[in-house]
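Accompanying notes for the structure given below.
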Amino acid sequence: MLLDHKVALVTGGDSGIGHAISIGLAAAGAAVTINYHRDQAAATATLQQILQAGGKAQIAQADVARPEEIQRLVEQTVRAYGRLDVMINNAGLETRTSVLETTEQQFDLVLDVDLKSAFFGTQHAAKQMIAQGGGGRIINISSVHEDWPMPGNTAYCCAKGGMRMLTRTAGVELAPHGITVVGIGPGAVATPINAATLANPQEKDRLDAAIPLGRVAQPKEIADLVIWLASDQASYVTSATYFVDGGLMQASVGL
């Protein structure tokens, strides 16, 4: 399997894209730490799915907006499995508020969870990878909105734009240590955050029509790219974002 003997940590690994990534990494042979913030039941369900399939995993509670808790996640992973090879900075949220409406509290929450956690996740993972030797993979789950404006969701776009430059800059800084840093920018994905839109037939049809492939992505389609990027097959890929959007961004250019 592609990830035999690898150890991975997934922030926000209990639901949506993170759930699919956790399942996929384990199926590819990695031992996985599944981080969750509040939903222990969802994390446990993800864990049980992995264990029942013969995989190796553990769950770990942490608020990744707090750098010291990210460090604890890394330490817990190393205690359990001896090392850390793959860091997936996946945790994220949005407030769907405009530049005129967003409060300081909302701005801080989005930037802390979406960007600050990715920055310190990258930092703490890289320090561990350097200490143990052998390089490593850091994968930041961003969004098409690191590059494509989304009026009415300004703080989220700010955070994802920051992730873009984190990926580019950290990839250059960490390359001498054999650590690659890559971003993945999903478009519309069938996750709980989009449940209301997908449950409304008119809104779903409008969204599907905007995507050249004619449908939203399934979480597994994001996870499949993560698995490849985490493997040795992607050893020469760094400081770049892969957009997984069914052609959405390119179609918007012609509008």
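Chain lettering (A, B, ...) mirrors the order of the structure tokens, residue numbering begins at 1 for each chain separately, and ligand numbering begins at 1 in order of display.
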Report as a PyMOL selection string: the residues of range 23-173 of chain A with a DSSP assignment of alpha helix (DSSP H), based on the backbone of this structure.
chain A and resi 23-27+40-52+67-81+104-110+117-132+154-173
Distance query Arg137 in chain A at most 6 Å, only C-alpha atoms, self and fewer than 4 positions along chain excluded, as a short mmCIF file (atom, residue, chain, number, x, y, z; two decimals) with N, CA and C atoms, in the first residue's frame:
```cif
data_model
loop_
_atom_site.label_atom_id
_atom_site.label_comp_id
_atom_site.auth_asym_id
_atom_site.auth_seq_id
_atom_site.Cartn_x
_atom_site.Cartn_y
_atom_site.Cartn_z
N VAL A 86 3.21 12.50 8.18
CA VAL A 86 2.25 13.23 7.37
C VAL A 86 1.38 14.09 8.28
N ILE A 179 11.13 18.07 3.58
CA ILE A 179 9.71 18.20 3.94
C ILE A 179 9.00 18.97 2.83
N THR A 180 7.97 18.38 2.26
CA THR A 180 7.17 19.06 1.25
C THR A 180 5.92 19.65 1.89
N ALA A 230 0.60 12.44 0.00
CA ALA A 230 1.27 11.96 1.21
C ALA A 230 2.27 10.84 0.91
#
```
Quick check for you: according to DSSP on this backbone, which residues of range 29-243 of chain A are classed as strand (DSSP E or B)? Reply as a short mmCIF file (atom, residue, chain, number, x, y, z; two decimals) with C-alpha atoms, in the first residue's frame.
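Saved result, part37.cif, follows:
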```cif
data_model
loop_
_atom_site.label_atom_id
_atom_site.label_comp_id
_atom_site.auth_asym_id
_atom_site.auth_seq_id
_atom_site.Cartn_x
_atom_site.Cartn_y
_atom_site.Cartn_z
CA ALA A 31 -1.48 4.85 11.30
CA VAL A 32 -3.74 7.86 11.88
CA THR A 33 -4.43 10.28 14.72
CA ILE A 34 -7.95 11.64 14.24
CA ASN A 35 -8.26 15.03 15.91
CA TYR A 36 -11.64 16.37 16.96
CA LYS A 56 -4.68 1.53 12.81
CA ALA A 57 -5.89 4.77 14.39
CA GLN A 58 -6.57 6.73 17.56
CA ILE A 59 -8.70 9.77 18.39
CA ALA A 60 -7.37 12.88 20.11
CA GLN A 61 -9.32 15.88 21.39
CA VAL A 86 2.25 13.23 7.37
CA MET A 87 0.51 16.32 8.79
CA ILE A 88 -2.91 17.25 7.40
CA ASN A 89 -4.00 20.76 8.40
CA GLY A 136 7.86 14.41 5.67
CA ARG A 137 4.66 15.66 4.08
CA ILE A 138 2.55 18.64 5.21
CA ILE A 139 -0.76 19.07 3.38
CA ASN A 140 -2.97 22.11 3.90
CA ILE A 141 -6.65 21.74 3.06
CA ILE A 179 9.71 18.20 3.94
CA THR A 180 7.17 19.06 1.25
CA VAL A 181 4.26 21.46 1.82
CA VAL A 182 1.31 21.27 -0.54
CA GLY A 183 -2.16 22.81 -0.56
CA ILE A 184 -5.42 21.32 -1.78
CA GLY A 185 -8.16 23.74 -2.77
CA PRO A 186 -11.54 22.00 -2.94
CA VAL A 189 -18.01 19.30 -1.74
CA ALA A 217 -17.34 16.59 -5.33
CA ALA A 240 1.85 24.55 -4.77
CA THR A 241 -1.92 24.27 -4.46
CA TYR A 242 -3.94 21.64 -6.31
CA PHE A 243 -7.48 22.84 -7.03
#
```
List the spatial neighbours of Gly55 in chain A as a ChimeraX atom specification - criterion: any atom at most 7 Å away, only C-alpha atoms, same-chain residues fewer than 3 positions off excluded.
/A:26-27,50-51
Choose the residue, out of A:Thr238, A:Asp147, A:Thr44, A:Leu248, that has the smallest atom-to-atom separation from Val172 in chain A; count only C-alpha atoms.
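Of all the options, A:Thr238 lies closest to Val172 in chain A.
Using only C-alpha atoms for every distance, the candidate list A:Ile70, A:Ala126, A:Ala195, A:Leu225 yields A:Ala126 as the residue closest to Glu173 in chain A.
Comparing A:Ala80, A:Leu166, A:Leu73, A:Ala155 by their smallest distance to His37 in chain A, the closest is A:Leu73 (using only C-alpha atoms).
CA of Val113 in chain A is positioned 27.5 Å from CA of Gly247 in chain A.
Coordinates place CA of Leu9 in chain A at a distance of 9.8 Å from CA of Ala30 in chain A.
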Shell around Leu207 in chain A at 10 Å using only C-alpha atoms, local window under 6 positions removed, as a PDB file with N, CA and C atoms, in the first residue's frame:
```
ATOM      1  N   ALA A 188     -16.839  23.026  -4.404  1.00  0.00           N
ATOM      2  CA  ALA A 188     -18.029  22.588  -3.669  1.00  0.00           C
ATOM      3  C   ALA A 188     -17.945  21.087  -3.412  1.00  0.00           C
ATOM      4  N   THR A 197     -27.647  23.698   1.283  1.00  0.00           N
ATOM      5  CA  THR A 197     -27.691  23.987  -0.155  1.00  0.00           C
ATOM      6  C   THR A 197     -28.058  22.747  -0.954  1.00  0.00           C
ATOM      7  N   LEU A 198     -27.441  21.625  -0.615  1.00  0.00           N
ATOM      8  CA  LEU A 198     -27.673  20.394  -1.367  1.00  0.00           C
ATOM      9  C   LEU A 198     -29.057  19.824  -1.130  1.00  0.00           C
ATOM     10  N   PRO A 201     -33.475  21.632  -3.824  1.00  0.00           N
ATOM     11  CA  PRO A 201     -33.313  21.240  -5.235  1.00  0.00           C
ATOM     12  C   PRO A 201     -32.937  22.394  -6.158  1.00  0.00           C
ATOM     13  N   GLY A 214     -20.545  19.293 -13.714  1.00  0.00           N
ATOM     14  CA  GLY A 214     -21.974  19.126 -13.487  1.00  0.00           C
ATOM     15  C   GLY A 214     -22.393  18.564 -12.148  1.00  0.00           C
ATOM     16  N   ARG A 215     -21.488  18.562 -11.182  1.00  0.00           N
ATOM     17  CA  ARG A 215     -21.834  18.020  -9.860  1.00  0.00           C
ATOM     18  C   ARG A 215     -20.826  18.500  -8.833  1.00  0.00           C
ATOM     19  N   VAL A 216     -21.215  18.431  -7.561  1.00  0.00           N
ATOM     20  CA  VAL A 216     -20.269  18.708  -6.481  1.00  0.00           C
ATOM     21  C   VAL A 216     -19.393  17.484  -6.262  1.00  0.00           C
ATOM     22  N   LEU A 248     -14.630  24.595 -11.784  1.00  0.00           N
ATOM     23  CA  LEU A 248     -15.416  25.759 -11.357  1.00  0.00           C
ATOM     24  C   LEU A 248     -14.662  27.078 -11.539  1.00  0.00           C
TER      25      LEU A 248
END
```
From the options A:Met1, A:Val74, A:Ala43, A:Val110, which residue's atoms come nearest to Asp14 in chain A, counting only C-alpha atoms?
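So, comparing all the options, the nearest one is A:Ala43.
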When you look at Arg164 in chain A with a cut-off of 7 Å (counting only C-alpha atoms), what residues show up, excluding the ones that are within fewer than 4 positions of it in the same chain? I need them as a list in words.
Glu146, Lys160 and Arg168 of chain A
Restricting it to N, CA and C atoms, dump the selection as a CSV table (one decimal), in the first residue's frame.
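Generated file (again_30.csv):
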```csv
chain,number,residue,atom,x,y,z
A,146,GLU,N,-9.0,30.6,-1.7
A,146,GLU,CA,-7.7,31.2,-1.5
A,146,GLU,C,-7.3,32.1,-2.7
A,160,LYS,N,-8.0,31.7,3.9
A,160,LYS,CA,-7.6,30.8,2.9
A,160,LYS,C,-6.5,31.4,2.0
A,168,ARG,N,3.2,28.1,0.1
A,168,ARG,CA,4.3,28.5,-0.8
A,168,ARG,C,5.6,28.8,0.0
```
What does the distance between CA of Gly135 in chain A and CA of Ala20 in chain A come to in Å, to one decimal place?
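Going from CA of Gly135 in chain A over to CA of Ala20 in chain A covers 24.7 Å.
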8 Å contact set for Lys220 in chain A, only C-alpha atoms, chain neighbours under 6 positions out, as a PyMOL selection string:
chain A and resi 17+20-21+24
With C-alpha atoms kept, could you save the residues just selected as a PDB file, in the first residue's frame?
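File result_16.pdb, as written:
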```
ATOM      1  CA  ILE A  17     -13.457  16.023   4.232  1.00  0.00           C
ATOM      2  CA  ALA A  20     -12.766  10.910   4.370  1.00  0.00           C
ATOM      3  CA  ILE A  21      -9.066  11.765   4.664  1.00  0.00           C
ATOM      4  CA  GLY A  24      -8.399   7.014   3.178  1.00  0.00           C
TER       5      GLY A  24
END
```
If we count only C-alpha atoms, what is near Leu111 in chain A at a cut-off of 10 Å, once residues fewer than 4 positions away on the same chain are taken out, given as a ChimeraX atom specification?
/A:65,92-94,106-107,115-118,155-160,162
